[in-house]
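This is coords.cif. It holds mmCIF, C-alpha atoms.
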data_coords
#
loop_
_atom_site.label_atom_id
_atom_site.label_comp_id
_atom_site.auth_asym_id
_atom_site.auth_seq_id
_atom_site.Cartn_x
_atom_site.Cartn_y
_atom_site.Cartn_z
CA MET S 1 4.26 -2.71 -15.39
CA GLU S 2 1.78 -2.78 -18.25
CA SER S 3 -1.65 -1.15 -18.34
CA SER S 4 -4.65 -3.45 -18.65
CA PRO S 5 -8.00 -2.45 -20.15
CA ARG S 6 -11.18 -3.53 -18.40
CA LYS S 7 -11.51 -6.80 -20.33
CA ARG S 8 -8.08 -8.07 -19.34
CA THR S 9 -8.49 -6.96 -15.72
CA LEU S 10 -11.73 -8.93 -15.45
CA GLU S 11 -10.14 -11.94 -17.14
CA GLY S 12 -7.32 -11.80 -14.58
CA LEU S 13 -9.76 -11.71 -11.67
CA GLU S 14 -11.71 -14.65 -13.06
CA PHE S 15 -8.48 -16.61 -13.55
CA LEU S 16 -7.54 -16.08 -9.91
CA ARG S 17 -11.01 -17.12 -8.77
CA SER S 18 -10.87 -20.31 -10.86
CA GLU S 19 -7.39 -21.20 -9.55
CA PHE S 20 -7.90 -20.37 -5.86
CA GLY S 21 -11.64 -20.72 -5.39
CA GLN S 22 -12.26 -17.04 -4.59
CA TYR S 23 -11.41 -13.55 -5.76
CA PRO S 24 -8.42 -11.79 -4.19
CA ARG S 25 -9.46 -9.69 -1.19
CA LEU S 26 -6.95 -6.88 -1.60
CA PHE S 27 -5.38 -4.90 -4.41
CA CYS S 28 -2.34 -2.63 -4.81
CA ASN S 29 -2.12 -0.03 -7.56
CA HIS S 30 1.05 -0.73 -9.51
CA GLY S 31 3.51 1.89 -10.71
CA GLN S 32 2.19 3.86 -13.67
CA ASN S 33 -0.60 1.50 -14.76
CA ARG S 34 -3.53 3.40 -16.26
CA GLU S 35 -6.12 1.13 -14.62
CA ASN S 36 -5.00 2.36 -11.18
CA LEU S 37 -7.84 3.60 -8.97
CA TYR S 38 -7.79 7.11 -7.49
CA TRP S 39 -4.07 7.23 -8.14
CA GLY S 40 -1.54 9.99 -8.67
CA SER S 41 -2.83 13.42 -7.68
CA LYS S 42 -6.33 11.95 -7.14
CA ARG S 43 -5.08 10.52 -3.84
CA PHE S 44 -5.29 14.00 -2.31
CA ARG S 45 -8.32 15.99 -1.26
CA THR S 46 -6.92 19.52 -1.63
CA SER S 47 -5.83 21.34 -4.80
CA ALA S 48 -2.50 22.40 -3.24
CA LEU S 49 -1.48 18.83 -2.42
CA ARG S 50 -2.66 17.63 -5.82
CA ALA S 51 -0.41 20.19 -7.50
CA LEU S 52 2.53 19.20 -5.29
CA SER S 53 1.88 15.54 -6.08
CA ARG S 54 2.21 16.19 -9.80
CA VAL S 55 5.68 17.58 -9.14
CA LEU S 56 6.82 14.91 -6.67
CA MET S 57 5.39 11.93 -8.54
CA ARG S 58 5.80 13.35 -12.06
CA ASP S 59 2.12 12.60 -12.43
CA ALA S 60 0.46 13.65 -15.70
CA ALA S 61 -3.13 14.82 -15.35
CA GLY S 62 -5.60 12.13 -16.33
CA ALA S 63 -2.96 9.38 -16.29
CA TYR S 64 -5.04 6.98 -14.18
CA GLU S 65 -8.52 5.95 -15.24
CA GLY S 66 -9.54 2.87 -13.27
CA ASP S 67 -12.16 4.92 -11.43
CA GLU S 68 -13.40 6.85 -14.49
CA GLU S 69 -16.59 5.52 -16.03
CA GLY S 70 -16.43 5.51 -19.81
CA SER S 71 -12.69 4.84 -19.91
CA ARG S 72 -11.55 1.54 -21.42
CA PHE S 73 -9.47 1.11 -18.24
CA PHE S 74 -12.46 1.51 -15.90
CA TRP S 75 -13.08 -1.33 -13.43
CA GLY S 76 -14.06 0.57 -10.28
CA ASP S 77 -17.48 -1.10 -10.11
CA ILE S 78 -15.88 -4.55 -10.10
CA CYS S 79 -13.29 -3.48 -7.53
CA HIS S 80 -16.09 -2.40 -5.20
CA ASP S 81 -17.90 -5.71 -5.67
CA VAL S 82 -14.97 -8.13 -5.19
CA ILE S 83 -12.04 -6.30 -3.55
CA GLN S 84 -12.24 -5.42 0.12
CA TYR S 85 -8.96 -3.57 0.70
CA VAL S 86 -6.86 -1.31 -1.54
CA ARG S 87 -3.40 -0.03 -0.62
CA ASN S 88 -2.97 3.73 -0.57
CA PHE S 89 -0.07 5.51 1.17
CA THR S 90 3.30 4.00 2.08
CA PHE S 91 5.67 5.11 4.84
CA GLU S 92 9.11 4.28 6.23
CA ARG S 93 7.79 3.62 9.75
CA LEU S 94 7.71 -0.05 10.67
CA ASN S 95 4.76 0.33 13.04
CA LEU S 96 1.96 1.59 10.79
CA LEU S 97 -0.24 2.63 13.68
CA GLN S 98 2.23 5.42 14.43
CA VAL S 99 1.51 7.13 11.10
CA ASP S 100 -1.92 5.74 10.19
CA PRO S 101 -3.81 4.86 13.37
CA GLY S 102 -7.10 4.54 11.49
CA THR S 103 -6.08 1.91 8.95
CA PRO S 104 -8.07 0.40 7.30
CA TYR S 105 -10.28 3.38 6.55
CA ARG S 106 -12.85 4.77 4.16
CA ILE S 107 -12.74 8.00 2.13
CA GLU S 108 -16.10 9.53 1.25
CA SER S 109 -14.97 10.75 -2.18
CA THR S 110 -13.64 7.33 -3.35
CA PRO S 111 -16.79 5.19 -3.57
CA TYR S 112 -15.26 2.39 -5.65
CA VAL S 113 -12.85 1.50 -2.81
CA ARG S 114 -14.43 -0.09 0.23
CA TYR S 115 -11.40 0.25 2.52
CA TRP S 116 -7.96 1.78 2.09
CA PHE S 117 -4.88 0.66 4.01
CA SER S 118 -1.26 1.80 4.38
CA THR S 119 2.01 -0.15 4.28
CA THR S 120 5.66 0.21 5.15
CA ASP S 121 7.64 0.99 1.97
CA ALA S 122 10.64 -1.25 1.23
CA PRO S 123 11.08 -1.37 -2.56
CA ASP S 124 14.34 -3.38 -2.50
CA VAL S 125 16.58 -5.34 -0.16
CA GLN S 126 18.49 -2.25 1.03
CA ALA S 127 15.26 -0.52 2.08
CA PHE S 128 13.96 -3.78 3.61
CA ASN S 129 17.07 -4.13 5.74
CA ARG S 130 16.87 -0.50 6.80
CA VAL S 131 13.23 -0.58 7.95
CA LEU S 132 13.51 -4.05 9.55
CA SER S 133 16.59 -3.37 11.62
CA PRO S 134 16.77 -5.22 14.97
CA GLU S 135 16.18 -1.92 16.80
CA ARG S 136 13.01 -1.17 14.84
CA ILE S 137 11.73 -4.72 15.31
CA ASP S 138 12.22 -4.42 19.08
CA GLU S 139 10.35 -1.09 19.04
CA LEU S 140 7.51 -2.68 17.07
CA VAL S 141 7.18 -5.50 19.60
CA ALA S 142 7.38 -3.15 22.60
CA ALA S 143 4.60 -0.98 21.14
CA ASP S 144 2.41 -4.02 20.32
CA GLY S 145 2.33 -2.54 16.83
CA VAL S 146 1.17 -3.58 13.38
CA CYS S 147 3.48 -4.04 10.40
CA ILE S 148 2.60 -4.59 6.73
CA VAL S 149 5.65 -4.32 4.45
CA SER S 150 5.48 -3.74 0.69
CA THR S 151 8.61 -5.11 -1.00
CA HIS S 152 9.91 -6.82 -4.15
CA PHE S 153 11.74 -10.07 -3.43
CA GLY S 154 13.20 -9.91 -6.94
CA LYS S 155 15.22 -6.79 -6.09
CA GLY S 156 18.44 -7.93 -4.47
CA PHE S 157 17.11 -10.47 -1.97
CA VAL S 158 18.91 -13.38 -3.63
CA GLU S 159 22.37 -13.27 -5.21
CA LYS S 160 24.10 -16.34 -6.63
CA GLY S 161 21.48 -18.57 -5.06
CA ARG S 162 21.88 -17.18 -1.55
CA VAL S 163 19.39 -15.07 0.39
CA ASN S 164 20.80 -11.74 1.50
CA ARG S 165 22.35 -12.37 4.93
CA GLN S 166 20.89 -9.31 6.66
CA ALA S 167 17.40 -9.91 5.27
CA ALA S 168 17.52 -13.55 6.38
CA SER S 169 18.63 -12.46 9.85
CA SER S 170 15.75 -9.97 10.11
CA LEU S 171 13.20 -12.58 9.05
CA LYS S 172 14.57 -15.07 11.59
CA LEU S 173 14.40 -12.43 14.30
CA LEU S 174 10.77 -11.73 13.42
CA ALA S 175 9.95 -15.45 13.55
CA ASP S 176 11.64 -15.77 16.94
CA LYS S 177 9.46 -12.97 18.34
CA ALA S 178 6.41 -15.26 17.96
CA GLY S 179 4.29 -12.52 16.45
CA TRP S 180 0.92 -12.98 14.77
CA LEU S 181 2.07 -13.69 11.20
CA VAL S 182 -0.97 -14.01 8.92
CA PRO S 183 -2.13 -12.84 5.46
CA VAL S 184 -2.60 -9.09 5.17
CA SER S 185 -6.38 -9.36 4.73
CA GLU S 186 -6.64 -11.13 8.09
CA VAL S 187 -4.64 -8.37 9.78
CA LEU S 188 -6.98 -5.76 8.28
CA ASP S 189 -10.05 -7.79 9.29
CA HIS S 190 -8.74 -7.85 12.86
CA LEU S 191 -8.14 -4.10 12.88
CA ARG S 192 -11.72 -3.52 11.74
CA GLU S 193 -13.00 -5.83 14.47
CA THR S 194 -11.15 -3.74 17.05
CA GLY S 195 -12.92 -0.54 16.02
CA ARG S 196 -11.14 0.73 12.93
CA GLY S 197 -12.62 0.92 9.45
CA ARG S 198 -14.61 4.15 9.73
CA THR S 199 -14.76 7.04 7.25
CA LEU S 200 -12.01 9.57 7.90
CA THR S 201 -12.95 13.19 8.53
CA ARG S 202 -11.47 15.84 6.24
CA ALA S 203 -8.98 16.79 8.96
CA GLU S 204 -7.90 13.17 9.48
CA ALA S 205 -7.49 12.60 5.74
CA LEU S 206 -5.47 15.80 5.37
CA ARG S 207 -3.22 14.82 8.28
CA LEU S 208 -2.52 11.44 6.69
CA GLU S 209 -1.81 13.04 3.30
CA LEU S 210 0.61 15.55 4.86
CA ARG S 211 2.46 12.74 6.63
CA PHE S 212 2.84 10.93 3.31
CA VAL S 213 4.10 14.04 1.50
CA ALA S 214 6.57 14.78 4.31
CA SER S 215 7.83 11.19 4.13
CA ARG S 216 8.34 11.45 0.36
CA LEU S 217 10.20 14.75 0.70
CA ARG S 218 12.54 13.20 3.26
CA GLN S 219 13.17 10.27 0.92
CA ARG S 220 14.02 12.61 -1.96
CA GLN S 221 16.47 14.56 0.22
CA SER S 222 18.23 11.38 1.34
CA THR S 223 18.48 9.84 -2.16
CA PRO S 224 21.95 10.24 -3.72
CA VAL S 225 22.03 12.29 -6.94
#

Can you turn what I pasted into structure tokens?
Amino acid sequence: MESSPRKRTLEGLEFLRSEFGQYPRLFCNHGQNRENLYWGSKRFRTSALRALSRVLMRDAAGAYEGDEEGSRFFWGDICHDVIQYVRNFTFERLNLLQVDPGTPYRIESTPYVRYWFSTTDAPDVQAFNRVLSPERIDELVAADGVCIVSTHFGKGFVEKGRVNRQAASSLKLLADKAGWLVPVSEVLDHLRETGRGRTLTRAEALRLELRFVASRLRQRQSTPV
């Protein structure tokens, strides 16, 4: 979690291209990095939600500058040219289409991002095990749903050389379901081919933002003090 000025961001992209033969197709803003694009309160379209975001996320005004021309952290033009998908909101639902049926989508006021997408939030092994319970996996399959999980495999997944038993069981269950398990960019490509990928209306964007805020408030209420 360290901010990168434009020069280092571009060097990183070129390194990936030289190693893998192409630029990465998707990007996730990370924590409090100043090069984040349209991050913090800028994720919201209304002043009320922006103000609430500053409280919920402890977001300082002007903290994120990846989309601000003239900033030494600006790289929005490069993002638009080489990155196809950027992660935005995260939810606890396993089936993303229940909370974000339009993903991937465009937002008119964020021109440096070609398409936004949502993910299921599982920051550590406890959250991963909670959202990928057998019951939720069965519901996902029954609904013919779509699941993209954001997690950190370094946070509790392996202890003393052994993979967490519940996480391993969930992954085996997923494999046994014979789902379509492919890179995230291919999932998002498929969703666009089936009719998604349009620009959200103001009402649709507001509805998505309110769902995210409600999800965050529930998480705060359930977190032990």

Report as CSV: every residue of region 11-115 of chain S with an atom at most 12 Å from region 184-208 of chain S, its closest pair of atoms, and their distance in Å to one decimal, counting all atoms listed in the file, with rows sorted by chain and ascending residue number.
residue,atom,partner,partner_atom,distance
S:Pro24,CA,S:Ser185,CA,9.5
S:Arg25,CA,S:Ser185,CA,6.7
S:Leu26,CA,S:Ser185,CA,6.8
S:Phe27,CA,S:Ser185,CA,10.2
S:Cys28,CA,S:Val184,CA,11.9
S:Arg43,CA,S:Ala205,CA,10.1
S:Phe44,CA,S:Leu206,CA,7.9
S:Arg45,CA,S:Leu206,CA,7.2
S:Thr46,CA,S:Leu206,CA,8.1
S:Ser47,CA,S:Leu206,CA,11.6
S:Ala48,CA,S:Leu206,CA,11.2
S:Leu49,CA,S:Leu206,CA,9.3
S:Arg50,CA,S:Leu206,CA,11.7
S:Ile83,CA,S:Ser185,CA,10.5
S:Gln84,CA,S:Ser185,CA,8.4
S:Tyr85,CA,S:Ser185,CA,7.5
S:Val86,CA,S:Ser185,CA,10.2
S:Arg87,CA,S:Val184,CA,10.8
S:Asn88,CA,S:Leu208,CA,10.6
S:Phe89,CA,S:Leu208,CA,8.5
S:Thr90,CA,S:Leu208,CA,10.5
S:Phe91,CA,S:Leu208,CA,10.5
S:Leu96,CA,S:Leu208,CA,11.6
S:Leu97,CA,S:Leu191,CA,10.4
S:Gln98,CA,S:Leu208,CA,10.9
S:Val99,CA,S:Leu208,CA,7.4
S:Asp100,CA,S:Leu208,CA,6.7
S:Pro101,CA,S:Arg196,CA,8.4
S:Gly102,CA,S:Arg196,CA,5.7
S:Thr103,CA,S:Arg196,CA,6.5
S:Pro104,CA,S:Gly197,CA,5.1
S:Tyr105,CA,S:Gly197,CA,4.5
S:Arg106,CA,S:Thr199,CA,4.3
S:Ile107,CA,S:Thr199,CA,5.6
S:Glu108,CA,S:Thr199,CA,6.6
S:Ser109,CA,S:Thr199,CA,10.1
S:Thr110,CA,S:Thr199,CA,10.7
S:Pro111,CA,S:Thr199,CA,11.2
S:Val113,CA,S:Thr199,CA,11.6
S:Arg114,CA,S:Gly197,CA,9.5
S:Tyr115,CA,S:Gly197,CA,7.1

Just want the 8 Å neighbourhood of Pro134 (chain S), counted on only C-alpha atoms, with same-chain residues fewer than 2 positions away dropped. Output as a PDB file with C-alpha atoms, in the coordinates of the input.
ATOM      1  CA  LEU S 132      13.510  -4.050   9.550  1.00  0.00           C
ATOM      2  CA  ARG S 136      13.010  -1.170  14.840  1.00  0.00           C
ATOM      3  CA  ILE S 137      11.730  -4.720  15.310  1.00  0.00           C
ATOM      4  CA  ASP S 138      12.220  -4.420  19.080  1.00  0.00           C
ATOM      5  CA  SER S 170      15.750  -9.970  10.110  1.00  0.00           C
ATOM      6  CA  LEU S 173      14.400 -12.430  14.300  1.00  0.00           C
TER       7      LEU S 173
END

Problem - Nearest-residue call for Gly154 (chain S), choices S:Val125, S:Ser71, S:Glu135, S:Ala175, using only C-alpha atoms - result: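 Among the listed residues, the smallest separation from Gly154 (chain S) belongs to S:Val125.
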
Problem - Given only C-alpha atoms as the counted atoms, nearest of S:Glu2, S:Glu19, S:Glu35, S:Glu92 to Phe74 (chain S) - result: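 Closest residue, counting only C-alpha atoms: S:Glu35.
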
Handout entry: Length of the CA of Arg211 (chain S) to CA of Thr120 (chain S) vector [Å]
Key = 13.0 Å

Practice task
Rank nothing, just name the residue among S:Asn36, S:Gln22, S:Ser41, S:Ser53 nearest to Glu68 (chain S), using all atoms listed in the file.
Solution key: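 Counting all atoms listed in the file, the residue closest to Glu68 (chain S) is S:Asn36.
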